[in-house]
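Enquirer: Mind looking over this structure? Questions follow.
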Amino acid sequence: MPNIFNLGGEGKNAAFKKDIIKYFVANGNSTIQELAKDTLLSVPTVTKAVTELIELGYIVEYGKQETSEGRRPILYGLNPESGFFVGVEIKVDFINLGLMNFRGDMVELDDNVPCRVDNTMESVEELCRLVKQFIDKSEVDKSRIQNIMFCISGRVNSATGYSHTLYNFSEQPLTRLLSDILGYRVDIENDTRAFAYGEYTKGVVRGERDVLFINASWGLGLGIIVDGELYRGKSGFAGEFGHTHMFDNDILCHCGKKGCLETEASGSAMQRIVRRRIEEGETSFLTSHTGDIYSLESIIEAINDEDPLCIDVVEHIGQRLGESVANLINLFNPELVVIGGVLSRAGDFLLQAVGASVRKYSLSIVNRDTRLCLSKLNERGGIIGTCMLARKSILD
Ligand SMILES: [Zn+2]
């Protein structure tokens with residue numbers, strides 16, 4: 001298994017060099033003086049470590065800092081070619097694959113690759129074949145690929161390497177099973193947390209440290225970032241927002257319970273309500289369309305074409321969602337709440353409805369601190385977050 005993340009030296013020295021790399025990950029290109037100031041270390045100590053990291057190939061010079069007067073110090077930053085990370089986002093019947101360099105730039109991306117996704121070894125083998133194909137055709141130095149991160153829906157324990165919802169058929173951890181087949185270190189994470197981390201690092205977040213991410217797609221997930229770190233809970237199952245009991249509606253949720261929030265505030269709920277209202281005789285642009293008129297894609301398109309029925313339904317869904325987001329705001333007092341997932345493509349129709357319920361049902365002294373916005377990365381957030389988490393898991 002290739003492992004080039006050998007920083008030289010042992011114990012304190014290696015840990016210190018890792019901290020310097022993490023500094024560049026968090027702050028971008030910096031001077032020795034900035035590094036010394038922020039790490040509270042002497043300039044000679046920092047200079048020595050940076051020189052060693054340059055020799056190892058992780059750090060390179062990026063010219064001189066622009067200053068108005070006097071000596072212009074040299075800027076240092078991560079060498080993009082010194083390491084690569086693969087991300088694999090598992091969707092319902094396809095996967096997205098990404099390859100990111102050490103600086104965090106996406107180098108290669110394969111979208112919507114058809115793949116059988118179910119709870120069988122055959123499905124895992126097909127998945128691994130597609131991942132191998134993706135790595136083989138990439139032009140990067142394969143020995144510099146550090147790890148592969150898979151993001152999977154449902155209950156995922158990234159610490160033990162077990163996925164409890166999908167690919168849950170083997171005694172051994174899924175990470176070991178995948179790693180044995182692929183020959184690389186493998187990590188796993190829940191899909192909503194990966195999306196949250198994507199938005200946090202490369203999306204709409206601008207310095208906020210306490211952020212909630214609502215993943216409103218077919219189901220309803222929640223990514224929680226507390227003081228800049230992903231919150232996973234004891235076993236990695238935190239954020240089961242969609243399965244909080246909210247309604248006495250007698251609608252069976254796919255989790256096996258009744259009355260979950262997801263049964264009234266999600267893409268599947270939107271589809272069910274639109275279908276029922278059209279079958280009861282209400283008019284909609286959708287009935288003149290061909291193909292699967294009740295697919296989420298078709299309904300979102302109809303909303304953006306200003307179909308009155310579909311707008312009415314998404315506003316209803318938004319109100320329901322907003323009532324529960326109001327509860328989250330009371331509980332977490334977040335600085336920012338990001339609405340993402342497929343439903344966020346309904347834009348202001350959804351956001352306004354969520355916002356109205358938030359104002360109505362959360363404590364005004366609490367919600368005063370909270371900004372509500374739509375995801376910036378949309379469907380790209382998942383794969384970007386997966387690749388960024390691959391790098392983070394190596395550095396942690
Ligand atoms: Zn449920």
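Quick note on naming: the chains in the structure tokens go A, B, ... in the order shown, residues restart at 1 in each chain, and ligands are numbered from 1 in order of appearance.
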Please give me, as an mmCIF file with C-alpha atoms, in the first residue's frame, the residues lying within 7 Å of ligand 1 when counting only C-alpha atoms and all ligand atoms.
Expert:
```cif
data_model
loop_
_atom_site.group_PDB
_atom_site.id
_atom_site.type_symbol
_atom_site.label_atom_id
_atom_site.label_comp_id
_atom_site.auth_asym_id
_atom_site.auth_seq_id
_atom_site.Cartn_x
_atom_site.Cartn_y
_atom_site.Cartn_z
ATOM 1 C CA GLY A 242 -35.317 13.514 9.046
ATOM 2 C CA HIS A 243 -36.291 10.778 11.518
ATOM 3 C CA CYS A 253 -41.255 6.232 6.878
ATOM 4 C CA HIS A 254 -38.607 4.067 5.149
ATOM 5 C CA CYS A 255 -36.831 3.840 8.546
ATOM 6 C CA GLY A 256 -39.790 1.768 9.800
ATOM 7 C CA LYS A 257 -41.292 4.437 12.114
ATOM 8 C CA LYS A 258 -44.366 6.606 11.580
ATOM 9 C CA CYS A 260 -41.006 11.241 10.888
ATOM 10 C CA GLU A 262 -39.055 13.296 6.453
#
```
Enquirer: What parts of region 7-245 of chain A does DSSP call strand (DSSP E)? I'd like the answer as a ChimeraX atom specification.
Expert: /A:59-64,74-78,84-90,94-101,106-114,145-152,156-157,162-163,185-190,211-216,220-226,229-230
Enquirer: Next, the residues of the selection above should be written as an mmCIF file, in the first residue's frame with C-alpha atoms.
Expert:
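Contents of selection.cif, as written:
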```cif
data_model
loop_
_atom_site.group_PDB
_atom_site.id
_atom_site.type_symbol
_atom_site.label_atom_id
_atom_site.label_comp_id
_atom_site.auth_asym_id
_atom_site.auth_seq_id
_atom_site.Cartn_x
_atom_site.Cartn_y
_atom_site.Cartn_z
ATOM 1 C CA ILE A 59 5.999 22.959 0.482
ATOM 2 C CA VAL A 60 7.052 25.236 -2.408
ATOM 3 C CA GLU A 61 7.779 28.945 -2.835
ATOM 4 C CA TYR A 62 5.038 31.124 -4.314
ATOM 5 C CA GLY A 63 6.994 34.330 -5.082
ATOM 6 C CA LYS A 64 7.133 37.352 -2.813
ATOM 7 C CA ILE A 74 8.821 35.057 0.486
ATOM 8 C CA LEU A 75 5.427 33.330 0.371
ATOM 9 C CA TYR A 76 5.298 29.571 0.948
ATOM 10 C CA GLY A 77 2.439 27.162 0.310
ATOM 11 C CA LEU A 78 1.437 23.558 -0.341
ATOM 12 C CA PHE A 84 -3.567 13.214 -4.141
ATOM 13 C CA PHE A 85 -6.902 12.126 -2.650
ATOM 14 C CA VAL A 86 -9.725 10.177 -4.260
ATOM 15 C CA GLY A 87 -13.369 10.780 -3.329
ATOM 16 C CA VAL A 88 -16.281 8.469 -4.204
ATOM 17 C CA GLU A 89 -19.841 9.669 -3.639
ATOM 18 C CA ILE A 90 -22.384 6.826 -3.660
ATOM 19 C CA PHE A 94 -24.773 5.995 -9.872
ATOM 20 C CA ILE A 95 -21.556 7.281 -8.330
ATOM 21 C CA ASN A 96 -19.486 10.456 -8.624
ATOM 22 C CA LEU A 97 -15.683 10.182 -8.576
ATOM 23 C CA GLY A 98 -13.199 12.957 -7.847
ATOM 24 C CA LEU A 99 -9.435 13.287 -7.623
ATOM 25 C CA MET A 100 -8.063 16.230 -5.658
ATOM 26 C CA ASN A 101 -4.512 17.481 -5.299
ATOM 27 C CA MET A 106 -10.165 19.155 -8.106
ATOM 28 C CA VAL A 107 -7.939 17.610 -10.785
ATOM 29 C CA GLU A 108 -10.344 15.071 -12.279
ATOM 30 C CA LEU A 109 -14.070 14.505 -11.958
ATOM 31 C CA ASP A 110 -16.346 11.771 -13.357
ATOM 32 C CA ASP A 111 -20.021 12.511 -12.804
ATOM 33 C CA ASN A 112 -23.053 10.225 -12.908
ATOM 34 C CA VAL A 113 -21.195 6.957 -13.518
ATOM 35 C CA PRO A 114 -23.893 4.235 -13.564
ATOM 36 C CA ILE A 145 -2.466 8.851 -3.914
ATOM 37 C CA GLN A 146 -2.888 8.893 -0.129
ATOM 38 C CA ASN A 147 -6.319 7.382 0.393
ATOM 39 C CA ILE A 148 -9.830 6.917 -0.953
ATOM 40 C CA MET A 149 -12.831 8.374 0.891
ATOM 41 C CA PHE A 150 -16.305 6.921 0.232
ATOM 42 C CA CYS A 151 -19.381 8.885 1.276
ATOM 43 C CA ILE A 152 -22.451 6.765 1.862
ATOM 44 C CA VAL A 156 -21.923 5.389 8.906
ATOM 45 C CA ASN A 157 -19.352 5.098 11.700
ATOM 46 C CA TYR A 162 -18.616 0.159 9.499
ATOM 47 C CA SER A 163 -21.505 1.251 7.302
ATOM 48 C CA ARG A 185 -6.079 3.257 2.626
ATOM 49 C CA VAL A 186 -9.883 3.655 2.676
ATOM 50 C CA ASP A 187 -12.040 5.949 4.834
ATOM 51 C CA ILE A 188 -15.828 6.292 4.949
ATOM 52 C CA GLU A 189 -18.202 9.074 5.956
ATOM 53 C CA ASN A 190 -21.931 9.828 5.924
ATOM 54 C CA VAL A 211 -23.021 26.000 11.026
ATOM 55 C CA LEU A 212 -25.925 23.649 10.298
ATOM 56 C CA PHE A 213 -26.399 22.083 6.841
ATOM 57 C CA ILE A 214 -29.802 20.795 5.837
ATOM 58 C CA ASN A 215 -29.582 18.190 3.079
ATOM 59 C CA ALA A 216 -33.062 18.298 1.587
ATOM 60 C CA LEU A 220 -33.672 14.827 4.921
ATOM 61 C CA GLY A 221 -30.239 14.912 6.587
ATOM 62 C CA LEU A 222 -28.399 17.301 8.878
ATOM 63 C CA GLY A 223 -24.678 18.091 8.980
ATOM 64 C CA ILE A 224 -23.508 19.778 12.181
ATOM 65 C CA ILE A 225 -20.348 21.857 12.482
ATOM 66 C CA VAL A 226 -19.536 23.061 15.993
ATOM 67 C CA GLU A 229 -15.355 20.756 13.534
ATOM 68 C CA LEU A 230 -17.816 18.175 12.215
#
```
Enquirer: Expressed in Å to a single decimal, how great is the separation between CA of Leu395 (chain A) and CA of Asp19 (chain A)?
Expert: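 One can read the CA of Leu395 (chain A) to CA of Asp19 (chain A) distance as 8.7 Å.
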Enquirer: My list of candidates is A:Gly355, A:Gly198, A:Gly347, A:Gly154. Which is closest to Glu301 (chain A) when distances are computed with only C-alpha atoms?
Expert: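 Of all the options, A:Gly347 lies closest to Glu301 (chain A).
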Enquirer: So how far away is CA of Phe237 (chain A) from CA of Asn367 (chain A), in Å?
Expert: 26.1 Å
Enquirer: Using DSSP on the backbone coordinates, identify all residues within region 200-305 of chain A classified as alpha helix (DSSP H); present the result as a list in words.
Expert: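 Matching residues, listed in order: Tyr200, Thr201, Lys202, Gly267, Ser268, Ala269, Met270, Gln271, Arg272, Ile273, Val274, Arg275, Arg276, Arg277, Ile278, Glu279, Leu296, Glu297, Ser298, Ile299, Ile300, Glu301, Ala302, Ile303 and Asn304 of chain A.
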Enquirer: Export N, CA and C atoms of the chosen residues as a compact mmCIF listing (two decimals), in the first residue's frame?
Expert:
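The resulting result_4.txt:
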```
# COMPACT_ATOMS: atom_id res chain seq x y z
N TYR A 200 -18.63 23.88 3.79
CA TYR A 200 -17.86 24.57 4.83
C TYR A 200 -16.51 25.02 4.30
N THR A 201 -15.86 24.16 3.52
CA THR A 201 -14.49 24.48 3.08
C THR A 201 -14.45 25.19 1.74
N LYS A 202 -15.41 24.90 0.86
CA LYS A 202 -15.30 25.44 -0.50
C LYS A 202 -16.58 26.13 -0.97
N GLY A 267 -37.91 15.53 -0.34
CA GLY A 267 -38.21 15.32 -1.76
C GLY A 267 -39.25 14.23 -1.95
N SER A 268 -39.17 13.16 -1.14
CA SER A 268 -40.15 12.07 -1.29
C SER A 268 -41.54 12.56 -0.90
N ALA A 269 -41.62 13.41 0.13
CA ALA A 269 -42.92 13.97 0.54
C ALA A 269 -43.47 14.87 -0.56
N MET A 270 -42.59 15.68 -1.15
CA MET A 270 -43.02 16.59 -2.22
C MET A 270 -43.61 15.79 -3.38
N GLN A 271 -42.91 14.71 -3.73
CA GLN A 271 -43.38 13.88 -4.84
C GLN A 271 -44.75 13.26 -4.52
N ARG A 272 -44.89 12.74 -3.29
CA ARG A 272 -46.15 12.09 -2.90
C ARG A 272 -47.31 13.08 -2.95
N ILE A 273 -47.09 14.31 -2.44
CA ILE A 273 -48.17 15.30 -2.38
C ILE A 273 -48.56 15.79 -3.78
N VAL A 274 -47.54 16.04 -4.62
CA VAL A 274 -47.84 16.50 -6.00
C VAL A 274 -48.66 15.42 -6.72
N ARG A 275 -48.21 14.16 -6.59
CA ARG A 275 -48.92 13.06 -7.27
C ARG A 275 -50.38 12.97 -6.80
N ARG A 276 -50.56 13.03 -5.47
CA ARG A 276 -51.92 12.90 -4.93
C ARG A 276 -52.82 14.03 -5.43
N ARG A 277 -52.30 15.26 -5.40
CA ARG A 277 -53.15 16.40 -5.78
C ARG A 277 -53.51 16.38 -7.27
N ILE A 278 -52.56 15.91 -8.10
CA ILE A 278 -52.87 15.81 -9.54
C ILE A 278 -53.89 14.68 -9.77
N GLU A 279 -53.69 13.56 -9.05
CA GLU A 279 -54.63 12.44 -9.20
C GLU A 279 -56.03 12.80 -8.69
N LEU A 296 -38.30 14.02 -9.14
CA LEU A 296 -37.93 15.27 -8.45
C LEU A 296 -37.44 16.30 -9.45
N GLU A 297 -36.69 15.83 -10.46
CA GLU A 297 -36.17 16.73 -11.51
C GLU A 297 -37.34 17.47 -12.17
N SER A 298 -38.39 16.71 -12.59
CA SER A 298 -39.54 17.31 -13.28
C SER A 298 -40.25 18.31 -12.38
N ILE A 299 -40.43 17.94 -11.11
CA ILE A 299 -41.16 18.83 -10.19
C ILE A 299 -40.37 20.13 -9.95
N ILE A 300 -39.05 20.00 -9.76
CA ILE A 300 -38.22 21.20 -9.55
C ILE A 300 -38.28 22.10 -10.79
N GLU A 301 -38.24 21.47 -11.96
CA GLU A 301 -38.32 22.25 -13.20
C GLU A 301 -39.66 22.99 -13.27
N ALA A 302 -40.73 22.29 -12.89
CA ALA A 302 -42.06 22.92 -12.92
C ALA A 302 -42.14 24.08 -11.92
N ILE A 303 -41.50 23.93 -10.76
CA ILE A 303 -41.49 25.03 -9.77
C ILE A 303 -40.81 26.25 -10.40
N ASN A 304 -39.65 26.01 -11.02
CA ASN A 304 -38.91 27.14 -11.59
C ASN A 304 -39.59 27.71 -12.85
```
